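*Asks:* Next up, input22.txt (compact mmCIF, C-alpha atoms (C1' of nucleotides)).
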# COMPACT_ATOMS: atom_id res chain seq x y z
CA MET A 1 24.81 -1.02 -49.68
CA LEU A 2 23.30 1.08 -46.93
CA ILE A 3 23.47 4.84 -47.48
CA ARG A 4 22.82 7.22 -44.62
CA ILE A 5 22.56 10.92 -45.40
CA GLY A 6 23.04 13.76 -42.93
CA PHE A 7 23.29 17.52 -42.68
CA VAL A 8 25.27 20.21 -40.91
CA SER A 9 24.48 22.15 -37.76
CA ILE A 10 21.07 23.77 -38.21
CA ALA A 11 17.65 22.37 -39.15
CA LEU A 12 15.96 25.07 -41.21
CA ALA A 13 12.57 23.42 -40.74
CA ILE A 14 12.62 24.25 -37.04
CA PHE A 15 11.58 27.80 -36.18
CA GLN A 16 14.14 29.90 -34.32
CA ASN A 17 16.39 27.12 -33.15
CA THR A 18 20.03 27.96 -33.84
CA PRO A 19 22.63 25.77 -32.10
CA SER A 20 25.28 28.42 -32.81
CA SER A 21 24.29 31.49 -30.83
CA THR A 22 27.36 33.56 -30.13
CA PHE A 23 28.86 35.62 -27.34
CA THR A 24 32.01 37.35 -28.50
CA TYR A 25 35.07 38.12 -26.44
CA LYS A 26 34.54 41.80 -27.07
CA LEU A 27 31.14 41.62 -25.39
CA PHE A 28 32.52 39.36 -22.67
CA GLN A 29 35.02 42.07 -21.77
CA GLN A 30 32.36 44.75 -21.58
CA ARG A 31 30.65 43.12 -18.61
CA PRO A 32 31.74 42.24 -15.08
CA ARG A 33 33.55 38.92 -15.20
CA ASP A 34 30.99 36.92 -13.19
CA GLU A 35 28.12 38.19 -15.23
CA ALA A 36 29.99 37.63 -18.50
CA MET A 37 30.90 34.08 -17.50
CA ALA A 38 27.30 33.31 -16.58
CA ARG A 39 26.17 34.71 -19.93
CA ALA A 40 28.63 32.53 -21.88
CA ILE A 41 27.46 29.45 -20.00
CA GLU A 42 23.82 30.34 -20.58
CA VAL A 43 24.36 30.76 -24.34
CA GLY A 44 26.05 27.35 -24.38
CA ARG A 45 23.11 25.78 -22.58
CA LYS A 46 20.72 27.33 -25.08
CA ASN A 47 22.77 25.89 -27.95
CA LEU A 48 22.73 22.43 -26.38
CA GLN A 49 18.94 22.65 -26.00
CA ALA A 50 18.70 23.60 -29.67
CA THR A 51 20.92 20.61 -30.50
CA GLN A 52 18.65 18.29 -28.53
CA ARG A 53 15.68 19.65 -30.44
CA ILE A 54 17.43 19.07 -33.77
CA LEU A 55 18.14 15.49 -32.72
CA TYR A 56 14.43 14.97 -31.97
CA TYR A 57 13.70 16.31 -35.44
CA ASN A 58 16.31 14.01 -36.98
CA ALA A 59 14.89 10.95 -35.26
CA ALA A 60 11.38 11.91 -36.36
CA HIS A 61 12.52 12.30 -39.97
CA GLY A 62 14.74 9.25 -40.17
CA ILE A 63 17.94 11.29 -40.45
CA ARG A 64 20.64 9.25 -38.73
CA LEU A 65 23.71 11.33 -39.50
CA TYR A 66 24.30 14.80 -38.10
CA ARG A 67 27.18 17.21 -37.72
CA MET A 68 26.85 19.20 -34.53
CA SER A 69 27.71 22.88 -34.45
CA SER A 70 31.27 23.71 -33.45
CA SER A 71 30.07 26.91 -31.82
CA LEU A 72 28.02 25.20 -29.12
CA VAL A 73 29.75 26.81 -26.19
CA PRO A 74 31.05 30.32 -26.92
CA LEU A 75 34.52 31.17 -25.64
CA ALA A 76 34.94 27.68 -24.15
CA THR A 77 38.52 27.56 -25.38
CA HIS A 78 39.40 31.23 -25.09
CA PRO A 79 42.52 31.44 -22.86
CA ASP A 80 40.97 34.21 -20.79
CA VAL A 81 37.65 32.43 -20.31
CA ILE A 82 37.86 28.59 -20.46
CA ILE A 83 34.70 26.66 -19.67
CA ASP A 84 34.96 23.07 -18.47
CA VAL A 85 32.13 21.84 -20.68
CA LYS A 86 32.14 18.29 -19.38
CA GLU A 87 31.53 19.49 -15.86
CA VAL A 88 29.27 22.48 -16.50
CA TYR A 89 26.94 20.64 -18.89
CA ALA A 90 27.24 17.10 -17.51
CA LYS A 91 23.47 16.60 -17.33
CA GLU A 92 22.68 18.07 -20.74
CA LEU A 93 25.45 16.15 -22.47
CA ALA A 94 24.46 12.85 -20.88
CA ALA A 95 20.85 13.30 -22.01
CA ILE A 96 21.89 14.16 -25.57
CA GLY A 97 24.25 11.19 -25.71
CA GLU A 98 21.60 8.82 -24.46
CA PHE A 99 19.21 9.99 -27.15
CA ILE A 100 21.86 9.67 -29.86
CA ARG A 101 22.53 6.06 -28.90
CA LYS A 102 18.86 5.19 -28.54
CA GLU A 103 18.03 6.58 -31.97
CA ASP A 104 21.16 5.20 -33.64
CA ILE A 105 22.29 8.61 -34.88
CA ARG A 106 25.91 9.05 -35.87
CA VAL A 107 27.21 12.48 -34.96
CA THR A 108 30.35 14.30 -35.98
CA MET A 109 31.98 17.63 -35.34
CA HIS A 110 34.10 19.80 -37.60
CA PRO A 111 36.27 22.43 -35.90
CA ASN A 112 36.64 25.46 -38.13
CA GLN A 113 39.37 26.10 -40.68
CA PHE A 114 41.53 27.79 -38.07
CA THR A 115 42.15 24.59 -36.19
CA LEU A 116 45.38 23.26 -37.68
CA LEU A 117 48.06 21.01 -36.31
CA ASN A 118 50.93 22.09 -38.56
CA GLY A 119 51.18 25.84 -37.82
CA ASN A 120 53.47 27.62 -35.38
CA ASP A 121 53.56 26.63 -31.69
CA LYS A 122 50.87 29.08 -30.68
CA VAL A 123 48.51 27.99 -33.45
CA VAL A 124 49.02 24.32 -32.66
CA GLU A 125 48.49 24.92 -28.96
CA ALA A 126 45.14 26.60 -29.72
CA ALA A 127 44.25 23.77 -32.11
CA VAL A 128 44.94 21.10 -29.50
CA ARG A 129 42.85 23.03 -26.98
CA ASP A 130 40.04 23.23 -29.53
CA LEU A 131 40.23 19.50 -30.25
CA GLU A 132 40.12 18.80 -26.52
CA TYR A 133 36.99 20.94 -26.26
CA HIS A 134 35.29 19.04 -29.07
CA ASN A 135 36.37 15.73 -27.59
CA ALA A 136 35.12 16.73 -24.12
CA LEU A 137 31.66 17.39 -25.53
CA MET A 138 31.50 13.99 -27.23
CA ASP A 139 33.02 12.34 -24.19
CA GLY A 140 30.39 13.96 -22.00
CA MET A 141 27.80 12.42 -24.31
CA GLY A 142 29.40 9.04 -23.75
CA LEU A 143 29.93 8.49 -27.47
CA ASP A 144 32.32 5.90 -28.85
CA GLY A 145 34.97 6.29 -31.56
CA MET A 146 32.48 5.88 -34.40
CA HIS A 147 31.49 9.51 -33.83
CA LYS A 148 34.21 11.57 -35.45
CA ILE A 149 35.93 14.92 -35.24
CA ASN A 150 37.13 16.10 -38.64
CA ILE A 151 39.83 18.63 -39.53
CA HIS A 152 42.06 19.49 -42.49
CA ILE A 153 45.77 18.87 -42.94
CA GLY A 154 46.53 22.58 -42.48
CA GLY A 155 48.58 25.30 -44.15
CA VAL A 156 51.16 24.87 -46.90
CA TYR A 157 53.68 27.54 -45.85
CA GLY A 158 55.39 27.43 -49.23
CA ASP A 159 56.46 23.77 -48.98
CA LYS A 160 53.87 21.03 -48.78
CA GLU A 161 56.26 18.23 -47.88
CA LYS A 162 57.74 20.19 -45.02
CA ALA A 163 54.28 21.27 -43.90
CA VAL A 164 53.01 17.67 -43.77
CA GLN A 165 56.15 16.64 -41.90
CA LYS A 166 55.30 19.34 -39.36
CA LEU A 167 51.92 17.67 -38.87
CA TYR A 168 53.62 14.31 -38.28
CA ASP A 169 56.07 15.90 -35.83
CA ASN A 170 53.25 17.59 -33.91
CA PHE A 171 50.97 14.60 -33.77
CA HIS A 172 52.34 13.40 -30.42
CA LEU A 173 50.55 16.44 -28.93
CA VAL A 174 47.21 14.88 -29.83
CA SER A 175 45.95 12.67 -27.01
CA GLU A 176 44.83 9.08 -27.50
CA PRO A 177 41.10 9.78 -26.88
CA ILE A 178 41.17 12.45 -29.60
CA ARG A 179 43.02 10.16 -32.01
CA LYS A 180 40.18 7.66 -31.69
CA ARG A 181 37.91 10.30 -33.23
CA LEU A 182 40.14 12.36 -35.49
CA THR A 183 39.76 12.30 -39.28
CA PHE A 184 41.46 14.41 -41.97
CA GLU A 185 39.70 15.82 -44.99
CA ASN A 186 41.08 16.71 -48.42
CA ASP A 187 40.61 20.41 -49.17
CA ASP A 188 39.58 22.43 -52.19
CA LYS A 189 42.82 24.39 -52.61
CA ALA A 190 45.83 22.83 -50.98
CA TYR A 191 45.90 19.14 -50.01
CA THR A 192 44.48 16.76 -52.61
CA THR A 193 42.75 13.46 -51.94
CA LEU A 194 45.97 11.52 -52.51
CA GLU A 195 48.07 13.81 -50.33
CA THR A 196 45.50 13.67 -47.54
CA LEU A 197 45.16 9.90 -47.89
CA THR A 198 48.92 9.44 -47.63
CA ALA A 199 49.01 11.55 -44.45
CA CYS A 200 46.09 9.55 -43.01
CA GLU A 201 47.82 6.25 -43.75
CA THR A 202 51.03 7.50 -42.16
CA LEU A 203 49.23 8.71 -39.02
CA GLY A 204 46.81 5.79 -38.86
CA GLN A 205 43.72 8.03 -38.98
CA PRO A 206 40.63 7.70 -41.22
CA MET A 207 40.34 9.92 -44.27
CA MET A 208 37.25 12.01 -44.85
CA LEU A 209 36.73 12.21 -48.58
CA ASP A 210 35.11 15.44 -49.72
CA ILE A 211 34.15 14.71 -53.28
CA HIS A 212 33.42 18.34 -54.19
CA HIS A 213 36.85 19.34 -52.91
CA ASP A 214 38.31 16.63 -55.12
CA TRP A 215 36.59 18.14 -58.15
CA CYS A 216 38.03 21.55 -57.21
CA ASN A 217 41.48 20.22 -56.40
CA PRO A 218 42.01 16.93 -58.27
CA CYS A 219 45.02 14.67 -58.24
CA ASP A 220 46.20 12.04 -60.75
CA SER A 221 43.93 9.35 -59.30
CA THR A 222 40.16 9.48 -59.08
CA PRO A 223 38.36 9.01 -55.76
CA LEU A 224 37.12 5.63 -57.00
CA ASP A 225 40.68 4.56 -57.85
CA LEU A 226 41.69 5.45 -54.31
CA LEU A 227 38.54 4.07 -52.67
CA PRO A 228 40.03 0.77 -51.46
CA ARG A 229 42.78 2.67 -49.67
CA ILE A 230 40.42 5.34 -48.32
CA HIS A 231 37.98 2.70 -47.12
CA ALA A 232 40.79 0.80 -45.41
CA THR A 233 41.69 3.82 -43.28
CA TRP A 234 38.28 3.58 -41.56
CA GLY A 235 38.91 0.19 -39.99
CA ASP A 236 35.77 -0.98 -38.17
CA ALA A 237 33.91 2.32 -38.47
CA PRO A 238 31.64 2.87 -41.48
CA MET A 239 33.20 5.14 -44.09
CA LYS A 240 31.94 8.69 -44.20
CA MET A 241 32.20 11.29 -46.95
CA HIS A 242 31.18 14.87 -47.71
CA VAL A 243 29.21 16.02 -50.70
CA SER A 244 28.27 19.45 -51.96
CA SER A 245 27.47 20.86 -55.36
CA PRO A 246 29.10 23.88 -56.98
CA ARG A 247 26.89 26.94 -56.72
CA ASP A 248 27.80 28.04 -60.20
CA PRO A 249 30.39 27.15 -62.88
CA SER A 250 32.00 30.55 -62.29
CA ASP A 251 31.78 30.14 -58.52
CA PHE A 252 32.68 26.47 -58.47
CA ARG A 253 34.00 26.18 -54.95
CA ALA A 254 30.96 27.73 -53.26
CA HIS A 255 28.13 25.50 -52.06
CA SER A 256 24.76 25.49 -53.78
CA ASP A 257 21.37 25.30 -52.09
CA TYR A 258 20.76 21.65 -52.91
CA ILE A 259 22.74 18.63 -54.10
CA ASP A 260 22.85 17.59 -57.72
CA PRO A 261 22.53 13.81 -57.38
CA GLU A 262 24.11 12.90 -60.74
CA ARG A 263 27.80 13.10 -59.96
CA LEU A 264 27.33 11.69 -56.48
CA LEU A 265 25.35 8.80 -57.90
CA GLU A 266 28.23 7.88 -60.19
CA PHE A 267 30.51 7.71 -57.16
CA LEU A 268 28.03 5.71 -55.09
CA ARG A 269 27.64 3.19 -57.91
CA GLY A 270 31.41 2.77 -57.88
CA CYS A 271 31.32 2.19 -54.11
CA LYS A 272 28.64 -0.43 -54.52
CA LYS A 273 30.64 -2.10 -57.29
CA GLN A 274 33.65 -2.29 -55.00
CA GLY A 275 31.58 -4.07 -52.37
CA LEU A 276 31.09 -1.40 -49.72
CA GLU A 277 28.34 -2.39 -47.30
CA ARG A 278 27.66 1.05 -45.95
CA ILE A 279 28.53 4.65 -46.61
CA ASP A 280 27.56 7.77 -44.68
CA VAL A 281 27.11 10.90 -46.78
CA MET A 282 27.27 14.33 -45.17
CA VAL A 283 25.45 16.93 -47.22
CA GLU A 284 26.96 20.40 -47.18
CA ALA A 285 24.33 22.60 -48.78
CA LYS A 286 22.78 25.96 -48.00
CA GLN A 287 19.39 24.35 -47.49
CA LYS A 288 20.78 22.04 -44.79
CA ASP A 289 18.20 19.47 -43.59
CA LEU A 290 15.92 20.32 -46.52
CA ALA A 291 18.73 19.51 -48.97
CA CYS A 292 19.44 16.29 -47.07
CA LEU A 293 15.84 15.09 -47.41
CA LYS A 294 15.63 16.29 -51.01
CA LEU A 295 18.73 14.28 -51.91
CA ALA A 296 17.19 11.18 -50.31
CA GLU A 297 14.04 11.81 -52.32
CA ASP A 298 15.99 12.28 -55.57
CA LEU A 299 18.12 9.18 -55.03
CA ALA A 300 15.00 7.14 -54.26
CA LYS A 301 13.75 7.86 -57.79
CA VAL A 302 16.73 6.03 -59.24
CA ARG A 303 16.18 2.43 -60.26
CA GLY A 304 17.84 0.05 -57.83
CA ILE A 305 17.68 2.43 -54.88
CA LYS A 306 15.12 1.99 -52.14
CA ARG A 307 14.32 4.57 -49.49
CA LEU A 308 14.17 2.81 -46.14
CA ASP A 309 13.55 5.92 -44.08
CA GLY A 310 13.75 9.72 -44.39
CA ALA A 311 17.44 9.83 -45.16
CA VAL A 312 18.39 6.15 -45.16
CA LEU A 313 18.60 4.29 -48.46
CA GLU A 314 19.46 0.84 -49.75
CA MET A 315 21.31 0.53 -53.05
C1' DG B 1 11.80 45.71 -38.96
C1' DC B 2 15.30 46.02 -42.37
C1' DC B 3 20.14 46.53 -43.89
C1' DA B 4 24.84 47.40 -43.46
C1' DG B 5 28.57 46.64 -40.73
C1' DT B 6 31.07 43.84 -37.07
C1' DC B 7 33.05 39.78 -34.89
C1' DA B 8 36.31 35.65 -34.65
C1' DA B 9 39.75 32.59 -36.32
C1' DG B 10 44.74 31.63 -39.45
C1' DT B 11 46.46 31.54 -44.04
C1' DC B 12 47.59 33.45 -48.25
C1' DC B 13 48.03 36.95 -51.67
C1' DC B 14 49.15 41.56 -52.99
C1' DG B 15 51.78 45.65 -52.79
C1' DC C 1 56.08 43.27 -43.48
C1' DG C 2 51.44 45.22 -43.26
C1' DG C 3 46.82 45.02 -44.84
C1' DG C 4 42.92 42.93 -47.04
C1' DA C 5 40.39 38.76 -48.80
C1' DC C 6 38.64 34.59 -47.66
C1' DT C 7 34.50 32.20 -44.90
C1' DT C 8 30.24 31.81 -42.04
C1' DG C 9 26.34 32.72 -39.10
C1' DA C 10 24.93 35.50 -35.48
C1' DC C 11 24.46 39.72 -33.74
C1' DT C 12 24.68 44.99 -33.21
C1' DG C 13 23.58 49.59 -34.36
C1' DG C 14 21.59 53.07 -37.34
C1' DC C 15 17.51 54.59 -39.55
Transcribe the structure of this file into structure tokens.

*Replies:*
Amino acid sequence: MLIRIGFVSIALAIFQNTPSSTFTYKLFQQRPRDEAMARAIEVGRKNLQATQRILYYNAAHGIRLYRMSSSLVPLATHPDVIIDVKEVYAKELAAIGEFIRKEDIRVTMHPNQFTLLNGNDKVVEAAVRDLEYHNALMDGMGLDGMHKINIHIGGVYGDKEKAVQKLYDNFHLVSEPIRKRLTFENDDKAYTTLETLTACETLGQPMMLDIHHDWCNPCDSTPLDLLPRIHATWGDAPMKMHVSSPRDPSDFRAHSDYIDPERLLEFLRGCKKQGLERIDVMVEAKQKDLACLKLAEDLAKVRGIKRLDGAVLEM
DNA sequence: GCCAGTCAAGTCCCG
DNA sequence: CGGGACTTGACTGGC
């Protein structure tokens, strides 16, 4: 079984290279419109350059899974601003996409917690706009449907069944190109693995298993019990999952600096036993790329696991 | 150059 | 129903 490990957004090993520089609406309003617009576009370009640099770093370190920042282009979806990212950054996006394909890196994006498809009309409208923005970036990179955009089921609003039904009812608002990329992740408080899986099966979208969220918010079945069904939702695309470790027993939901390989290893062994040929593991840890490489190093010490590259292993 | 406060988003809990 | 917590990294302003 091939295991590819990745990290989120920023490479700490690179000096002063954030892909998430901001330009807030408050500041936007304080300047003449033309100047403010130019500034927003410039910040976006800087973030894309930082992203390109991180991808160089990933290729050099054998890291073939990466979640891009969701704050690449500030204010791109703000109703009063709106930046056509595919047009404005056509050259930059094409170059990044070409590099991603050449180096066989799988990229994903994860709109923030405020992007939900089951809220009120205004919330859903903003969420769809946000998904279109994320999709436009990946489209501009010329990436296929293996590169995913991940969100959560959404709010509960006092009645989970009704709230999930709202998601189903709203799903027609999500365009076909976005559906090719959209995954749903179980969360640490509201929607369990089984509830998320059921929604994914109903909608025909892949399920992103977050194993730490499952520990925080378990259901009657274990992730390994549900693995055949979860795996099936991915179709032709390799299955992807999230892992993080609790920072502290008293602060269980928060992410720690690095990943404790033990509990993950137990899950990976179960995956191997069930015949999975490949799994992509996204590390969510404070130490980002350093935690990703450390996990690869730790897993490589385990008997039966071979490190093929920086963050690529064979089990 | 450091530290505290601000910003942005939507939900959920408390009063 | 209004306000604060939650979350996260970047950034601003005071000293």

*Asks:* For chain A, work out the contacting residues on chain C at 10 Å, counting only C-alpha atoms (C1' of nucleotides), and write them as a PyMOL selection string.

*Replies:* chain C and resi 7-11

*Asks:* Which residue gives the smallest distance to A:Phe114 among A:Ala163, A:His147, A:Gly155, A:His78, with only C-alpha atoms counted?

*Replies:* A:Gly155

*Asks:* Report as lines of an AutoDock Vina configuration file the centre and the edge lengths, in Å to one decimal, of the axis-aligned box holding every listed atom of chain C, padded by 8 Å on each side.

*Replies:*
center_x = 36.8
center_y = 43.2
center_z = -41.0
size_x = 54.6
size_y = 38.8
size_z = 31.6

*Asks:* Write down, as a PyMOL selection string, each residue of chain B that has any atom within 8 Å of an atom of chain A, counting all atoms listed in the file.

*Replies:* chain B and resi 7-11

*Asks:* Find the residues near A:Val128: any atom within 8 Å, counting all atoms listed in the file, skip ones fewer than 6 places away on the same chain, and give them as a PyMOL selection string.

*Replies:* chain A and resi 117+173-174

*Asks:* For the atom pair atom CA of A:Ile153 and atom CA of A:Tyr168, what is the interatomic distance in Å to one decimal place?

*Replies:* 10.2 Å

*Asks:* Rank nothing, just name the residue among A:Leu203, A:Tyr191, A:Ile105, A:Asn120 nearest to A:Lys160, using all atoms listed in the file.

*Replies:*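 Among the listed residues, the smallest separation from A:Lys160 belongs to A:Tyr191.
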
*Asks:* Between atom CA of A:Gln52 and atom CA of A:Arg101, what is the spacing in Å?

*Replies:*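 Result for atom CA of A:Arg101 versus atom CA of A:Gln52: 12.8 Å, one decimal.
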
*Asks:* Any idea what the distance is between atom CA of A:Arg39 and atom CA of A:Asp84?

*Replies:*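 Those two atoms sit 14.7 Å apart.
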
*Asks:* Which is closest to A:Lys91 among A:Pro79, A:Gly140, A:Gly304, A:Pro74, if we use all atoms listed in the file?

*Replies:*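 The answer is A:Gly140, which sits nearest to A:Lys91.
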
*Asks:* Report as a PyMOL selection string all protein, DNA and RNA residues lying within 9 Å of stretch 281-291 of chain A, evaluated on only C-alpha atoms (C1' of nucleotides), omitting residues in the same chain fewer than 5 positions from it.

*Replies:* chain A and resi 3-13+58+63+65-67+239-245+255-259+296

*Asks:* Could you dump the residues just selected with C-alpha atoms as an mmCIF file, in the coordinates of the input?

*Replies:*
data_model
loop_
_atom_site.group_PDB
_atom_site.id
_atom_site.type_symbol
_atom_site.label_atom_id
_atom_site.label_comp_id
_atom_site.auth_asym_id
_atom_site.auth_seq_id
_atom_site.Cartn_x
_atom_site.Cartn_y
_atom_site.Cartn_z
ATOM 1 C CA ILE A 3 23.470 4.840 -47.480
ATOM 2 C CA ARG A 4 22.820 7.220 -44.620
ATOM 3 C CA ILE A 5 22.560 10.920 -45.400
ATOM 4 C CA GLY A 6 23.040 13.760 -42.930
ATOM 5 C CA PHE A 7 23.290 17.520 -42.680
ATOM 6 C CA VAL A 8 25.270 20.210 -40.910
ATOM 7 C CA SER A 9 24.480 22.150 -37.760
ATOM 8 C CA ILE A 10 21.070 23.770 -38.210
ATOM 9 C CA ALA A 11 17.650 22.370 -39.150
ATOM 10 C CA LEU A 12 15.960 25.070 -41.210
ATOM 11 C CA ALA A 13 12.570 23.420 -40.740
ATOM 12 C CA ASN A 58 16.310 14.010 -36.980
ATOM 13 C CA ILE A 63 17.940 11.290 -40.450
ATOM 14 C CA LEU A 65 23.710 11.330 -39.500
ATOM 15 C CA TYR A 66 24.300 14.800 -38.100
ATOM 16 C CA ARG A 67 27.180 17.210 -37.720
ATOM 17 C CA MET A 239 33.200 5.140 -44.090
ATOM 18 C CA LYS A 240 31.940 8.690 -44.200
ATOM 19 C CA MET A 241 32.200 11.290 -46.950
ATOM 20 C CA HIS A 242 31.180 14.870 -47.710
ATOM 21 C CA VAL A 243 29.210 16.020 -50.700
ATOM 22 C CA SER A 244 28.270 19.450 -51.960
ATOM 23 C CA SER A 245 27.470 20.860 -55.360
ATOM 24 C CA HIS A 255 28.130 25.500 -52.060
ATOM 25 C CA SER A 256 24.760 25.490 -53.780
ATOM 26 C CA ASP A 257 21.370 25.300 -52.090
ATOM 27 C CA TYR A 258 20.760 21.650 -52.910
ATOM 28 C CA ILE A 259 22.740 18.630 -54.100
ATOM 29 C CA ALA A 296 17.190 11.180 -50.310
#
